[in-house]
>>> print(open('start-v3.pdb').read())   # PDB, C-alpha atoms and all ligand atoms
ATOM      1  CA  MET A   1     -24.617 -19.757  50.738  1.00  0.00           C
ATOM      2  CA  ALA A   2     -26.488 -22.781  52.088  1.00  0.00           C
ATOM      3  CA  PRO A   3     -24.786 -24.518  55.020  1.00  0.00           C
ATOM      4  CA  THR A   4     -23.641 -28.126  54.714  1.00  0.00           C
ATOM      5  CA  ILE A   5     -24.231 -30.656  57.439  1.00  0.00           C
ATOM      6  CA  THR A   6     -22.942 -34.214  57.749  1.00  0.00           C
ATOM      7  CA  ALA A   7     -25.007 -37.332  58.362  1.00  0.00           C
ATOM      8  CA  PHE A   8     -24.461 -41.106  58.349  1.00  0.00           C
ATOM      9  CA  GLU A   9     -24.103 -42.648  54.914  1.00  0.00           C
ATOM     10  CA  GLU A  10     -25.529 -45.898  56.301  1.00  0.00           C
ATOM     11  CA  SER A  11     -28.420 -45.219  58.649  1.00  0.00           C
ATOM     12  CA  PRO A  12     -27.862 -47.610  61.607  1.00  0.00           C
ATOM     13  CA  ASP A  13     -31.487 -47.149  62.723  1.00  0.00           C
ATOM     14  CA  GLU A  14     -32.850 -47.791  59.230  1.00  0.00           C
ATOM     15  CA  GLY A  15     -34.236 -44.295  58.804  1.00  0.00           C
ATOM     16  CA  GLN A  16     -35.869 -43.799  62.208  1.00  0.00           C
ATOM     17  CA  GLY A  17     -34.180 -40.415  62.555  1.00  0.00           C
ATOM     18  CA  GLN A  18     -32.483 -41.190  65.852  1.00  0.00           C
ATOM     19  CA  ALA A  19     -29.015 -39.932  64.899  1.00  0.00           C
ATOM     20  CA  ARG A  20     -28.262 -36.351  65.832  1.00  0.00           C
ATOM     21  CA  ASP A  21     -28.296 -34.941  62.314  1.00  0.00           C
ATOM     22  CA  MET A  22     -32.115 -35.180  62.636  1.00  0.00           C
ATOM     23  CA  ARG A  23     -32.278 -32.371  65.223  1.00  0.00           C
ATOM     24  CA  VAL A  24     -30.093 -30.128  63.041  1.00  0.00           C
ATOM     25  CA  ARG A  25     -32.205 -30.882  59.965  1.00  0.00           C
ATOM     26  CA  TRP A  26     -35.341 -30.086  61.988  1.00  0.00           C
ATOM     27  CA  ALA A  27     -33.923 -26.752  63.219  1.00  0.00           C
ATOM     28  CA  LEU A  28     -32.968 -25.755  59.669  1.00  0.00           C
ATOM     29  CA  GLU A  29     -36.455 -26.641  58.443  1.00  0.00           C
ATOM     30  CA  GLU A  30     -38.073 -24.663  61.272  1.00  0.00           C
ATOM     31  CA  VAL A  31     -36.247 -21.486  60.236  1.00  0.00           C
ATOM     32  CA  GLY A  32     -36.679 -22.124  56.501  1.00  0.00           C
ATOM     33  CA  GLN A  33     -32.966 -22.387  55.788  1.00  0.00           C
ATOM     34  CA  ARG A  34     -32.063 -24.560  52.808  1.00  0.00           C
ATOM     35  CA  TYR A  35     -29.066 -26.827  53.453  1.00  0.00           C
ATOM     36  CA  ASP A  36     -26.872 -29.436  51.824  1.00  0.00           C
ATOM     37  CA  VAL A  37     -25.982 -32.791  53.334  1.00  0.00           C
ATOM     38  CA  ARG A  38     -22.688 -34.610  52.965  1.00  0.00           C
ATOM     39  CA  LEU A  39     -23.075 -38.284  53.826  1.00  0.00           C
ATOM     40  CA  VAL A  40     -20.093 -39.858  55.550  1.00  0.00           C
ATOM     41  CA  SER A  41     -19.157 -43.473  56.183  1.00  0.00           C
ATOM     42  CA  PHE A  42     -17.945 -44.706  59.588  1.00  0.00           C
ATOM     43  CA  LYS A  43     -14.468 -44.953  58.069  1.00  0.00           C
ATOM     44  CA  THR A  44     -14.509 -41.395  56.674  1.00  0.00           C
ATOM     45  CA  MET A  45     -15.677 -39.995  60.026  1.00  0.00           C
ATOM     46  CA  LYS A  46     -12.471 -41.181  61.665  1.00  0.00           C
ATOM     47  CA  GLU A  47     -10.143 -39.788  58.997  1.00  0.00           C
ATOM     48  CA  ALA A  48      -8.122 -36.599  59.419  1.00  0.00           C
ATOM     49  CA  ALA A  49     -10.198 -34.492  57.004  1.00  0.00           C
ATOM     50  CA  HIS A  50     -13.407 -35.116  58.964  1.00  0.00           C
ATOM     51  CA  ARG A  51     -11.630 -34.786  62.320  1.00  0.00           C
ATOM     52  CA  LYS A  52     -10.649 -31.258  61.310  1.00  0.00           C
ATOM     53  CA  LEU A  53     -14.371 -30.509  61.422  1.00  0.00           C
ATOM     54  CA  HIS A  54     -15.185 -32.810  64.330  1.00  0.00           C
ATOM     55  CA  PRO A  55     -12.374 -33.654  66.766  1.00  0.00           C
ATOM     56  CA  PHE A  56     -14.241 -36.740  68.001  1.00  0.00           C
ATOM     57  CA  GLY A  57     -14.855 -38.153  64.527  1.00  0.00           C
ATOM     58  CA  GLN A  58     -18.642 -37.980  64.699  1.00  0.00           C
ATOM     59  CA  ILE A  59     -21.682 -36.482  62.998  1.00  0.00           C
ATOM     60  CA  PRO A  60     -23.295 -33.985  62.790  1.00  0.00           C
ATOM     61  CA  THR A  61     -21.044 -31.161  61.650  1.00  0.00           C
ATOM     62  CA  TYR A  62     -22.108 -27.833  60.191  1.00  0.00           C
ATOM     63  CA  GLU A  63     -20.172 -25.743  57.675  1.00  0.00           C
ATOM     64  CA  GLU A  64     -21.180 -22.262  56.627  1.00  0.00           C
ATOM     65  CA  GLY A  65     -18.532 -20.340  54.702  1.00  0.00           C
ATOM     66  CA  ASP A  66     -15.439 -20.262  56.930  1.00  0.00           C
ATOM     67  CA  LEU A  67     -17.325 -21.417  59.991  1.00  0.00           C
ATOM     68  CA  ALA A  68     -17.212 -25.091  60.971  1.00  0.00           C
ATOM     69  CA  LEU A  69     -19.140 -26.317  64.008  1.00  0.00           C
ATOM     70  CA  PHE A  70     -19.711 -29.629  65.752  1.00  0.00           C
ATOM     71  CA  GLU A  71     -22.007 -30.584  68.695  1.00  0.00           C
ATOM     72  CA  SER A  72     -25.680 -30.635  67.802  1.00  0.00           C
ATOM     73  CA  GLY A  73     -26.582 -28.257  70.656  1.00  0.00           C
ATOM     74  CA  SER A  74     -24.075 -25.643  69.566  1.00  0.00           C
ATOM     75  CA  ILE A  75     -25.146 -25.971  65.935  1.00  0.00           C
ATOM     76  CA  ILE A  76     -28.793 -25.455  66.883  1.00  0.00           C
ATOM     77  CA  LEU A  77     -27.945 -22.457  69.066  1.00  0.00           C
ATOM     78  CA  HIS A  78     -26.060 -20.970  66.112  1.00  0.00           C
ATOM     79  CA  ILE A  79     -29.007 -21.558  63.780  1.00  0.00           C
ATOM     80  CA  ALA A  80     -31.450 -20.133  66.341  1.00  0.00           C
ATOM     81  CA  GLU A  81     -29.308 -17.025  66.845  1.00  0.00           C
ATOM     82  CA  GLY A  82     -29.088 -16.361  63.112  1.00  0.00           C
ATOM     83  CA  HIS A  83     -32.773 -16.753  62.286  1.00  0.00           C
ATOM     84  CA  ALA A  84     -36.106 -15.853  63.802  1.00  0.00           C
ATOM     85  CA  GLY A  85     -38.339 -18.595  65.144  1.00  0.00           C
ATOM     86  CA  LEU A  86     -36.408 -20.752  67.602  1.00  0.00           C
ATOM     87  CA  LEU A  87     -35.465 -18.315  70.382  1.00  0.00           C
ATOM     88  CA  PRO A  88     -37.508 -15.444  71.819  1.00  0.00           C
ATOM     89  CA  LYS A  89     -36.092 -11.942  71.427  1.00  0.00           C
ATOM     90  CA  GLU A  90     -36.764 -10.756  74.979  1.00  0.00           C
ATOM     91  CA  ALA A  91     -33.606 -11.342  77.069  1.00  0.00           C
ATOM     92  CA  SER A  92     -35.094 -13.284  80.006  1.00  0.00           C
ATOM     93  CA  ALA A  93     -37.303 -15.468  77.824  1.00  0.00           C
ATOM     94  CA  ARG A  94     -34.281 -16.128  75.597  1.00  0.00           C
ATOM     95  CA  ALA A  95     -32.112 -17.121  78.567  1.00  0.00           C
ATOM     96  CA  ARG A  96     -34.857 -19.480  79.796  1.00  0.00           C
ATOM     97  CA  ALA A  97     -35.183 -21.035  76.328  1.00  0.00           C
ATOM     98  CA  ILE A  98     -31.414 -21.635  76.213  1.00  0.00           C
ATOM     99  CA  THR A  99     -31.619 -23.160  79.686  1.00  0.00           C
ATOM    100  CA  TRP A 100     -34.075 -25.747  78.317  1.00  0.00           C
ATOM    101  CA  MET A 101     -31.598 -26.547  75.535  1.00  0.00           C
ATOM    102  CA  PHE A 102     -28.973 -27.340  78.179  1.00  0.00           C
ATOM    103  CA  ALA A 103     -31.497 -29.266  80.267  1.00  0.00           C
ATOM    104  CA  ALA A 104     -32.369 -31.470  77.296  1.00  0.00           C
ATOM    105  CA  LEU A 105     -28.721 -32.216  76.525  1.00  0.00           C
ATOM    106  CA  ASN A 106     -27.138 -32.267  79.982  1.00  0.00           C
ATOM    107  CA  THR A 107     -29.884 -33.512  82.289  1.00  0.00           C
ATOM    108  CA  VAL A 108     -32.395 -35.544  80.295  1.00  0.00           C
ATOM    109  CA  GLU A 109     -30.321 -37.061  77.482  1.00  0.00           C
ATOM    110  CA  PRO A 110     -27.522 -38.673  79.588  1.00  0.00           C
ATOM    111  CA  PRO A 111     -29.697 -41.203  81.476  1.00  0.00           C
ATOM    112  CA  ILE A 112     -31.506 -42.027  78.221  1.00  0.00           C
ATOM    113  CA  VAL A 113     -28.206 -42.611  76.417  1.00  0.00           C
ATOM    114  CA  ASN A 114     -26.881 -44.702  79.329  1.00  0.00           C
ATOM    115  CA  ARG A 115     -29.938 -46.925  79.045  1.00  0.00           C
ATOM    116  CA  GLU A 116     -29.605 -47.145  75.268  1.00  0.00           C
ATOM    117  CA  MET A 117     -25.917 -48.078  75.535  1.00  0.00           C
ATOM    118  CA  ALA A 118     -26.711 -50.820  78.046  1.00  0.00           C
ATOM    119  CA  GLU A 119     -29.323 -52.242  75.667  1.00  0.00           C
ATOM    120  CA  ILE A 120     -26.789 -52.336  72.864  1.00  0.00           C
ATOM    121  CA  LEU A 121     -23.623 -53.385  74.702  1.00  0.00           C
ATOM    122  CA  GLU A 122     -24.639 -55.250  77.844  1.00  0.00           C
ATOM    123  CA  ARG A 123     -27.534 -57.409  76.698  1.00  0.00           C
ATOM    124  CA  LYS A 124     -25.554 -60.653  77.161  1.00  0.00           C
ATOM    125  CA  LYS A 125     -24.126 -59.842  80.591  1.00  0.00           C
ATOM    126  CA  PRO A 126     -25.474 -61.935  83.490  1.00  0.00           C
ATOM    127  CA  TRP A 127     -26.356 -58.756  85.432  1.00  0.00           C
ATOM    128  CA  TYR A 128     -28.071 -57.059  82.449  1.00  0.00           C
ATOM    129  CA  LYS A 129     -31.685 -57.239  83.697  1.00  0.00           C
ATOM    130  CA  GLU A 130     -30.841 -55.872  87.118  1.00  0.00           C
ATOM    131  CA  HIS A 131     -28.730 -53.076  85.665  1.00  0.00           C
ATOM    132  CA  LEU A 132     -31.393 -52.187  83.075  1.00  0.00           C
ATOM    133  CA  ALA A 133     -34.003 -51.907  85.844  1.00  0.00           C
ATOM    134  CA  TYR A 134     -31.691 -49.464  87.631  1.00  0.00           C
ATOM    135  CA  LEU A 135     -31.168 -47.426  84.425  1.00  0.00           C
ATOM    136  CA  ASP A 136     -34.932 -47.448  83.714  1.00  0.00           C
ATOM    137  CA  GLU A 137     -35.510 -46.004  87.162  1.00  0.00           C
ATOM    138  CA  ARG A 138     -33.016 -43.175  86.515  1.00  0.00           C
ATOM    139  CA  VAL A 139     -34.867 -42.343  83.273  1.00  0.00           C
ATOM    140  CA  HIS A 140     -38.280 -42.461  85.004  1.00  0.00           C
ATOM    141  CA  GLU A 141     -37.005 -40.130  87.680  1.00  0.00           C
ATOM    142  CA  ARG A 142     -35.969 -37.511  85.095  1.00  0.00           C
ATOM    143  CA  LEU A 143     -39.142 -37.961  83.077  1.00  0.00           C
ATOM    144  CA  GLY A 144     -41.280 -37.698  86.197  1.00  0.00           C
ATOM    145  CA  ASP A 145     -39.738 -34.335  87.045  1.00  0.00           C
ATOM    146  CA  LEU A 146     -40.010 -33.115  83.465  1.00  0.00           C
ATOM    147  CA  SER A 147     -43.613 -34.289  83.276  1.00  0.00           C
ATOM    148  CA  LYS A 148     -44.491 -32.370  86.441  1.00  0.00           C
ATOM    149  CA  ARG A 149     -42.908 -29.198  85.090  1.00  0.00           C
ATOM    150  CA  LEU A 150     -44.587 -29.489  81.685  1.00  0.00           C
ATOM    151  CA  GLY A 151     -47.983 -30.229  83.248  1.00  0.00           C
ATOM    152  CA  ASP A 152     -50.660 -29.535  80.658  1.00  0.00           C
ATOM    153  CA  ALA A 153     -48.662 -26.824  78.876  1.00  0.00           C
ATOM    154  CA  GLU A 154     -48.081 -27.200  75.170  1.00  0.00           C
ATOM    155  CA  TRP A 155     -44.354 -26.378  75.245  1.00  0.00           C
ATOM    156  CA  LEU A 156     -41.704 -26.007  77.964  1.00  0.00           C
ATOM    157  CA  ASP A 157     -41.694 -22.214  78.112  1.00  0.00           C
ATOM    158  CA  CYS A 158     -44.552 -20.526  76.225  1.00  0.00           C
ATOM    159  CA  ALA A 159     -43.988 -20.822  72.471  1.00  0.00           C
ATOM    160  CA  PHE A 160     -42.223 -23.713  70.730  1.00  0.00           C
ATOM    161  CA  GLY A 161     -38.469 -23.120  70.610  1.00  0.00           C
ATOM    162  CA  ALA A 162     -35.005 -24.642  70.415  1.00  0.00           C
ATOM    163  CA  GLY A 163     -35.374 -26.163  73.909  1.00  0.00           C
ATOM    164  CA  ASP A 164     -38.492 -28.047  72.809  1.00  0.00           C
ATOM    165  CA  LEU A 165     -36.830 -29.127  69.584  1.00  0.00           C
ATOM    166  CA  LEU A 166     -33.947 -30.668  71.513  1.00  0.00           C
ATOM    167  CA  MET A 167     -36.144 -32.124  74.257  1.00  0.00           C
ATOM    168  CA  VAL A 168     -38.439 -33.824  71.734  1.00  0.00           C
ATOM    169  CA  THR A 169     -35.490 -35.376  69.870  1.00  0.00           C
ATOM    170  CA  VAL A 170     -34.034 -36.560  73.186  1.00  0.00           C
ATOM    171  CA  LEU A 171     -37.339 -38.109  74.338  1.00  0.00           C
ATOM    172  CA  ARG A 172     -37.813 -39.776  70.939  1.00  0.00           C
ATOM    173  CA  ARG A 173     -34.745 -41.850  71.734  1.00  0.00           C
ATOM    174  CA  LEU A 174     -37.003 -43.825  74.098  1.00  0.00           C
ATOM    175  CA  ASN A 175     -39.041 -45.140  71.137  1.00  0.00           C
ATOM    176  CA  GLY A 176     -39.816 -48.791  71.615  1.00  0.00           C
ATOM    177  CA  SER A 177     -38.809 -48.853  75.294  1.00  0.00           C
ATOM    178  CA  GLY A 178     -42.363 -48.353  76.611  1.00  0.00           C
ATOM    179  CA  ILE A 179     -41.023 -45.776  79.080  1.00  0.00           C
ATOM    180  CA  LEU A 180     -42.329 -42.592  77.503  1.00  0.00           C
ATOM    181  CA  GLU A 181     -45.877 -43.984  77.400  1.00  0.00           C
ATOM    182  CA  LYS A 182     -45.865 -44.096  81.205  1.00  0.00           C
ATOM    183  CA  HIS A 183     -45.775 -40.277  81.136  1.00  0.00           C
ATOM    184  CA  PRO A 184     -48.822 -39.400  78.970  1.00  0.00           C
ATOM    185  CA  ASN A 185     -48.239 -35.638  78.892  1.00  0.00           C
ATOM    186  CA  LEU A 186     -44.675 -36.228  77.630  1.00  0.00           C
ATOM    187  CA  SER A 187     -45.948 -38.663  74.976  1.00  0.00           C
ATOM    188  CA  ALA A 188     -48.406 -36.001  73.831  1.00  0.00           C
ATOM    189  CA  TYR A 189     -45.613 -33.384  73.884  1.00  0.00           C
ATOM    190  CA  VAL A 190     -43.430 -35.560  71.620  1.00  0.00           C
ATOM    191  CA  ALA A 191     -46.423 -36.163  69.327  1.00  0.00           C
ATOM    192  CA  ARG A 192     -46.941 -32.382  69.046  1.00  0.00           C
ATOM    193  CA  GLY A 193     -43.302 -31.937  68.078  1.00  0.00           C
ATOM    194  CA  LYS A 194     -43.510 -34.709  65.492  1.00  0.00           C
ATOM    195  CA  ALA A 195     -46.658 -33.158  64.012  1.00  0.00           C
ATOM    196  CA  ARG A 196     -44.834 -29.965  63.074  1.00  0.00           C
ATOM    197  CA  PRO A 197     -44.361 -29.629  59.310  1.00  0.00           C
ATOM    198  CA  ALA A 198     -40.645 -28.899  59.785  1.00  0.00           C
ATOM    199  CA  PHE A 199     -40.176 -32.151  61.731  1.00  0.00           C
ATOM    200  CA  LYS A 200     -42.022 -34.111  59.057  1.00  0.00           C
ATOM    201  CA  GLN A 201     -39.873 -32.638  56.289  1.00  0.00           C
ATOM    202  CA  ALA A 202     -36.625 -33.293  58.190  1.00  0.00           C
ATOM    203  CA  PHE A 203     -37.741 -36.840  58.968  1.00  0.00           C
ATOM    204  CA  ALA A 204     -38.641 -37.526  55.330  1.00  0.00           C
ATOM    205  CA  ASP A 205     -35.281 -36.193  54.162  1.00  0.00           C
ATOM    206  CA  GLN A 206     -33.238 -38.373  56.508  1.00  0.00           C
ATOM    207  CA  LEU A 207     -35.464 -41.371  55.690  1.00  0.00           C
ATOM    208  CA  ALA A 208     -34.772 -40.824  51.991  1.00  0.00           C
ATOM    209  CA  VAL A 209     -31.079 -41.512  52.697  1.00  0.00           C
ATOM    210  CA  PHE A 210     -32.021 -44.982  53.908  1.00  0.00           C
ATOM    211  CA  THR A 211     -34.728 -45.745  51.344  1.00  0.00           C
ATOM    212  CA  GLY A 212     -32.469 -44.430  48.554  1.00  0.00           C
ATOM    213  CA  LYS A 213     -29.771 -46.903  49.631  1.00  0.00           C
ATOM    214  CA  GLN A 214     -32.324 -49.729  49.833  1.00  0.00           C
ATOM    215  CA  ALA A 215     -33.614 -48.962  46.330  1.00  0.00           C
ATOM    216  CA  GLY A 216     -30.049 -48.901  45.035  1.00  0.00           C
ATOM    217  CA  ALA A 217     -28.982 -52.069  46.845  1.00  0.00           C
ATOM    218  CA  GLY A 218     -28.606 -55.422  45.116  1.00  0.00           C
TER     219      GLY A 218
HETATM  220  N1  LIG B   1     -22.568 -34.633  71.687  1.00  0.00           N
HETATM  221  C1  LIG B   1     -22.534 -34.869  70.257  1.00  0.00           C
HETATM  222  C2  LIG B   1     -23.638 -34.044  69.566  1.00  0.00           C
HETATM  223  O1  LIG B   1     -24.642 -33.724  70.243  1.00  0.00           O
HETATM  224  O2  LIG B   1     -23.497 -33.699  68.395  1.00  0.00           O
HETATM  225  C3  LIG B   1     -22.700 -36.367  70.032  1.00  0.00           C
HETATM  226  C4  LIG B   1     -22.512 -36.729  68.571  1.00  0.00           C
HETATM  227  C5  LIG B   1     -22.744 -38.219  68.366  1.00  0.00           C
HETATM  228  O3  LIG B   1     -22.928 -39.009  69.323  1.00  0.00           O
HETATM  229  N2  LIG B   1     -22.754 -38.601  67.100  1.00  0.00           N
HETATM  230  C6  LIG B   1     -22.980 -40.006  66.759  1.00  0.00           C
HETATM  231  C7  LIG B   1     -21.803 -40.527  65.957  1.00  0.00           C
HETATM  232  O4  LIG B   1     -21.291 -39.866  65.092  1.00  0.00           O
HETATM  233  C8  LIG B   1     -24.249 -40.079  65.906  1.00  0.00           C
HETATM  234  S1  LIG B   1     -25.684 -39.639  66.858  1.00  0.00           S
HETATM  235  N3  LIG B   1     -21.411 -41.777  66.253  1.00  0.00           N
HETATM  236  C9  LIG B   1     -20.342 -42.416  65.542  1.00  0.00           C
HETATM  237  C10 LIG B   1     -19.116 -42.557  66.371  1.00  0.00           C
HETATM  238  O5  LIG B   1     -19.044 -42.032  67.500  1.00  0.00           O
HETATM  239  O6  LIG B   1     -18.206 -43.242  65.895  1.00  0.00           O
HETATM  240  C11 LIG B   1     -25.811 -41.094  67.982  1.00  0.00           C
HETATM  241  C12 LIG B   1     -26.711 -42.123  67.385  1.00  0.00           C
HETATM  242  C13 LIG B   1     -26.294 -42.919  66.377  1.00  0.00           C
HETATM  243  C14 LIG B   1     -27.151 -43.893  65.850  1.00  0.00           C
HETATM  244  C15 LIG B   1     -28.390 -44.043  66.370  1.00  0.00           C
HETATM  245  N4  LIG B   1     -29.259 -45.049  65.858  1.00  0.00           N
HETATM  246  O7  LIG B   1     -28.987 -45.617  64.828  1.00  0.00           O
HETATM  247  O8  LIG B   1     -30.311 -45.325  66.487  1.00  0.00           O
HETATM  248  C16 LIG B   1     -28.823 -43.222  67.401  1.00  0.00           C
HETATM  249  C17 LIG B   1     -27.971 -42.269  67.902  1.00  0.00           C
END
>>> encode(input="start-v3.pdb", output="structure tokens", more="lines below")
Ligand code: GTB
Amino acid sequence: MAPTITAFEESPDEGQGQARDMRVRWALEEVGQRYDVRLVSFKTMKEAAHRKLHPFGQIPTYEEGDLALFESGSIILHIAEGHAGLLPKEASARARAITWMFAALNTVEPPIVNREMAEILERKKPWYKEHLAYLDERVHERLGDLSKRLGDAEWLDCAFGAGDLLMVTVLRRLNGSGILEKHPNLSAYVARGKARPAFKQAFADQLAVFTGKQAGAG
């Protein structure tokens, strides 16, 4: 049976694929697993039925038979463990690939999200510019270290895997900030991820949610 994931009914980013259902869609496309999508409104996400699936009232969720998961990282690990293509078989290589998944979510994403939140919530504060400069510096620091480690390699640890998938989606969150461009090998790394057919399909599918609504509007 095809799994069902949840995604925003109204795409706040107008189809730019920044919400975290995009990484789950991409993983499912990479492994060739068909899936269904249940679109949820902001109101529905906070209701008891959705909170049974996601205690924090968020997307994405993943349902497969009796199994219900939340947390994009955990969902992607589950997908990668059940299909070939996103994690190496050899134990040490697999452990390293999982380490990159954690690094993307626990070390690189937090300063990027902090910066994003400041842009959204603190723009009118008198200390905004100063604080943003501080947050930019924290992001640069992380990206500088990541850039050094990646060097001129194609992917983080040999072949493309779940760690790269997560890292690319995390770095994409910097779109429009001008920060990623200051690290050319990371820009090229993100471009390689976006060029993958599975990314393109996942992106088109989430964009169709937005364009479908636009076509139906009015
Ligand atoms: N740690 C969880 C995971 O990795 O799955 C975080 C899940 C999460 O933050 N979900 C967000 C959500 O449901 C959507 S992705 N928010 C609603 C709420 O908390 O009430 C975050 C997101 C949303 C929108 C954009 N955007 O439009 O640009 C970007 C990122």
>>> resolve_selection(input="start-v3.pdb", expression="the PyMOL selection byres (((chain A and resi 126-137) around 12) and not hetatm)", output="PyMOL selection string")
chain A and resi 110-125+138-144+174+177-180+182
>>> closest_atom_pairs(input="start-v3.pdb", of="chain A", to="ligand LIG 1 (chain B)", cutoff="10 Å", atoms="only C-alpha atoms and all ligand atoms", output="tab-separated table")
residue	atom	partner	partner_atom	distance
A:Thr6	CA	B:LIG1	O4	9.4
A:Ala7	CA	B:LIG1	C8	8.1
A:Phe8	CA	B:LIG1	O4	7.6
A:Glu10	CA	B:LIG1	O7	9.2
A:Ser11	CA	B:LIG1	O7	6.2
A:Pro12	CA	B:LIG1	O7	4.0
A:Asp13	CA	B:LIG1	O7	3.6
A:Glu14	CA	B:LIG1	O7	7.1
A:Gly15	CA	B:LIG1	O7	8.1
A:Gln16	CA	B:LIG1	O8	7.2
A:Gly17	CA	B:LIG1	O8	7.4
A:Gln18	CA	B:LIG1	C16	4.5
A:Ala19	CA	B:LIG1	S1	3.9
A:Arg20	CA	B:LIG1	S1	4.3
A:Asp21	CA	B:LIG1	S1	7.0
A:Met22	CA	B:LIG1	S1	8.9
A:Arg23	CA	B:LIG1	O1	9.2
A:Val24	CA	B:LIG1	O2	9.2
A:Val40	CA	B:LIG1	O4	9.6
A:Ser41	CA	B:LIG1	C9	9.5
A:Phe42	CA	B:LIG1	O6	6.5
A:Lys43	CA	B:LIG1	O6	8.8
A:Met45	CA	B:LIG1	O6	7.2
A:Lys46	CA	B:LIG1	O6	7.4
A:His54	CA	B:LIG1	O2	9.3
A:Phe56	CA	B:LIG1	O5	7.2
A:Gly57	CA	B:LIG1	O6	6.2
A:Gln58	CA	B:LIG1	O4	3.3
A:Ile59	CA	B:LIG1	O4	4.0
A:Pro60	CA	B:LIG1	O2	5.6
A:Thr61	CA	B:LIG1	O2	7.6
A:Leu69	CA	B:LIG1	O2	9.6
A:Phe70	CA	B:LIG1	O2	6.2
A:Glu71	CA	B:LIG1	O2	3.5
A:Ser72	CA	B:LIG1	O2	3.8
A:Gly73	CA	B:LIG1	O1	5.8
A:Ser74	CA	B:LIG1	O1	8.1
A:Ile75	CA	B:LIG1	O2	8.3
A:Ile76	CA	B:LIG1	O1	9.8
A:Leu105	CA	B:LIG1	O1	7.6
A:Asn106	CA	B:LIG1	N1	9.8
A:Glu109	CA	B:LIG1	O1	9.8
A:Val113	CA	B:LIG1	C17	8.5
A:Glu116	CA	B:LIG1	C16	8.8
A:Met117	CA	B:LIG1	C17	9.8
A:Leu166	CA	B:LIG1	O1	9.9
A:Val170	CA	B:LIG1	C17	9.9
A:Arg173	CA	B:LIG1	C16	7.5
A:Asn175	CA	B:LIG1	O8	9.9
>>> atom_distance(input="start-v3.pdb", atom1="atom CA of A:His78", atom2="atom CA of A:Ala49")
22.7 Å
>>> resolve_selection(input="start-v3.pdb", expression="the PyMOL selection byres (((chain A and resi 79) around 12) and not hetatm)", output="PDB file with C-alpha atoms, in the frame of the given file")
ATOM      1  CA  PRO A   3     -24.786 -24.518  55.020  1.00  0.00           C
ATOM      2  CA  ARG A  23     -32.278 -32.371  65.223  1.00  0.00           C
ATOM      3  CA  VAL A  24     -30.093 -30.128  63.041  1.00  0.00           C
ATOM      4  CA  ARG A  25     -32.205 -30.882  59.965  1.00  0.00           C
ATOM      5  CA  TRP A  26     -35.341 -30.086  61.988  1.00  0.00           C
ATOM      6  CA  ALA A  27     -33.923 -26.752  63.219  1.00  0.00           C
ATOM      7  CA  LEU A  28     -32.968 -25.755  59.669  1.00  0.00           C
ATOM      8  CA  GLU A  29     -36.455 -26.641  58.443  1.00  0.00           C
ATOM      9  CA  GLU A  30     -38.073 -24.663  61.272  1.00  0.00           C
ATOM     10  CA  VAL A  31     -36.247 -21.486  60.236  1.00  0.00           C
ATOM     11  CA  GLY A  32     -36.679 -22.124  56.501  1.00  0.00           C
ATOM     12  CA  GLN A  33     -32.966 -22.387  55.788  1.00  0.00           C
ATOM     13  CA  ARG A  34     -32.063 -24.560  52.808  1.00  0.00           C
ATOM     14  CA  TYR A  35     -29.066 -26.827  53.453  1.00  0.00           C
ATOM     15  CA  TYR A  62     -22.108 -27.833  60.191  1.00  0.00           C
ATOM     16  CA  GLU A  63     -20.172 -25.743  57.675  1.00  0.00           C
ATOM     17  CA  GLU A  64     -21.180 -22.262  56.627  1.00  0.00           C
ATOM     18  CA  LEU A  69     -19.140 -26.317  64.008  1.00  0.00           C
ATOM     19  CA  SER A  72     -25.680 -30.635  67.802  1.00  0.00           C
ATOM     20  CA  GLY A  73     -26.582 -28.257  70.656  1.00  0.00           C
ATOM     21  CA  SER A  74     -24.075 -25.643  69.566  1.00  0.00           C
ATOM     22  CA  ILE A  75     -25.146 -25.971  65.935  1.00  0.00           C
ATOM     23  CA  ILE A  76     -28.793 -25.455  66.883  1.00  0.00           C
ATOM     24  CA  LEU A  77     -27.945 -22.457  69.066  1.00  0.00           C
ATOM     25  CA  HIS A  78     -26.060 -20.970  66.112  1.00  0.00           C
ATOM     26  CA  ALA A  80     -31.450 -20.133  66.341  1.00  0.00           C
ATOM     27  CA  GLU A  81     -29.308 -17.025  66.845  1.00  0.00           C
ATOM     28  CA  GLY A  82     -29.088 -16.361  63.112  1.00  0.00           C
ATOM     29  CA  HIS A  83     -32.773 -16.753  62.286  1.00  0.00           C
ATOM     30  CA  ALA A  84     -36.106 -15.853  63.802  1.00  0.00           C
ATOM     31  CA  GLY A  85     -38.339 -18.595  65.144  1.00  0.00           C
ATOM     32  CA  LEU A  86     -36.408 -20.752  67.602  1.00  0.00           C
ATOM     33  CA  LEU A  87     -35.465 -18.315  70.382  1.00  0.00           C
ATOM     34  CA  GLY A 161     -38.469 -23.120  70.610  1.00  0.00           C
ATOM     35  CA  ALA A 162     -35.005 -24.642  70.415  1.00  0.00           C
TER      36      ALA A 162
END
>>> atom_distance(input="start-v3.pdb", atom1="atom CA of A:Ser147", atom2="atom CA of A:Asn185")
6.5 Å
>>> atom_distance(input="start-v3.pdb", atom1="atom CA of A:Arg94", atom2="atom CA of A:Leu186")
22.7 Å
>>> axis_aligned_box(input="start-v3.pdb", around="stretch 161-179 of chain A", padding_each_side="5 Å", output="AutoDock Vina command-line options")
--center_x -38.2 --center_y -36.0 --center_z 74.3 --size_x 18.4 --size_y 35.7 --size_z 19.5
>>> closest_residue(input="start-v3.pdb", among="A:Val209, A:Leu171, A:Leu156, A:Ala48", to="A:Val108", atoms="only C-alpha atoms")
A:Leu171
>>> closest_residue(input="start-v3.pdb", among="A:Gly163, A:Gly176, A:Gly151, A:Gly212", to="A:Ala188", atoms="all atoms listed in the file")
A:Gly151
>>> closest_residue(input="start-v3.pdb", among="A:Ala68, A:Val190, A:Leu146, A:Ala93", to="A:Val168", atoms="all atoms listed in the file")
A:Val190
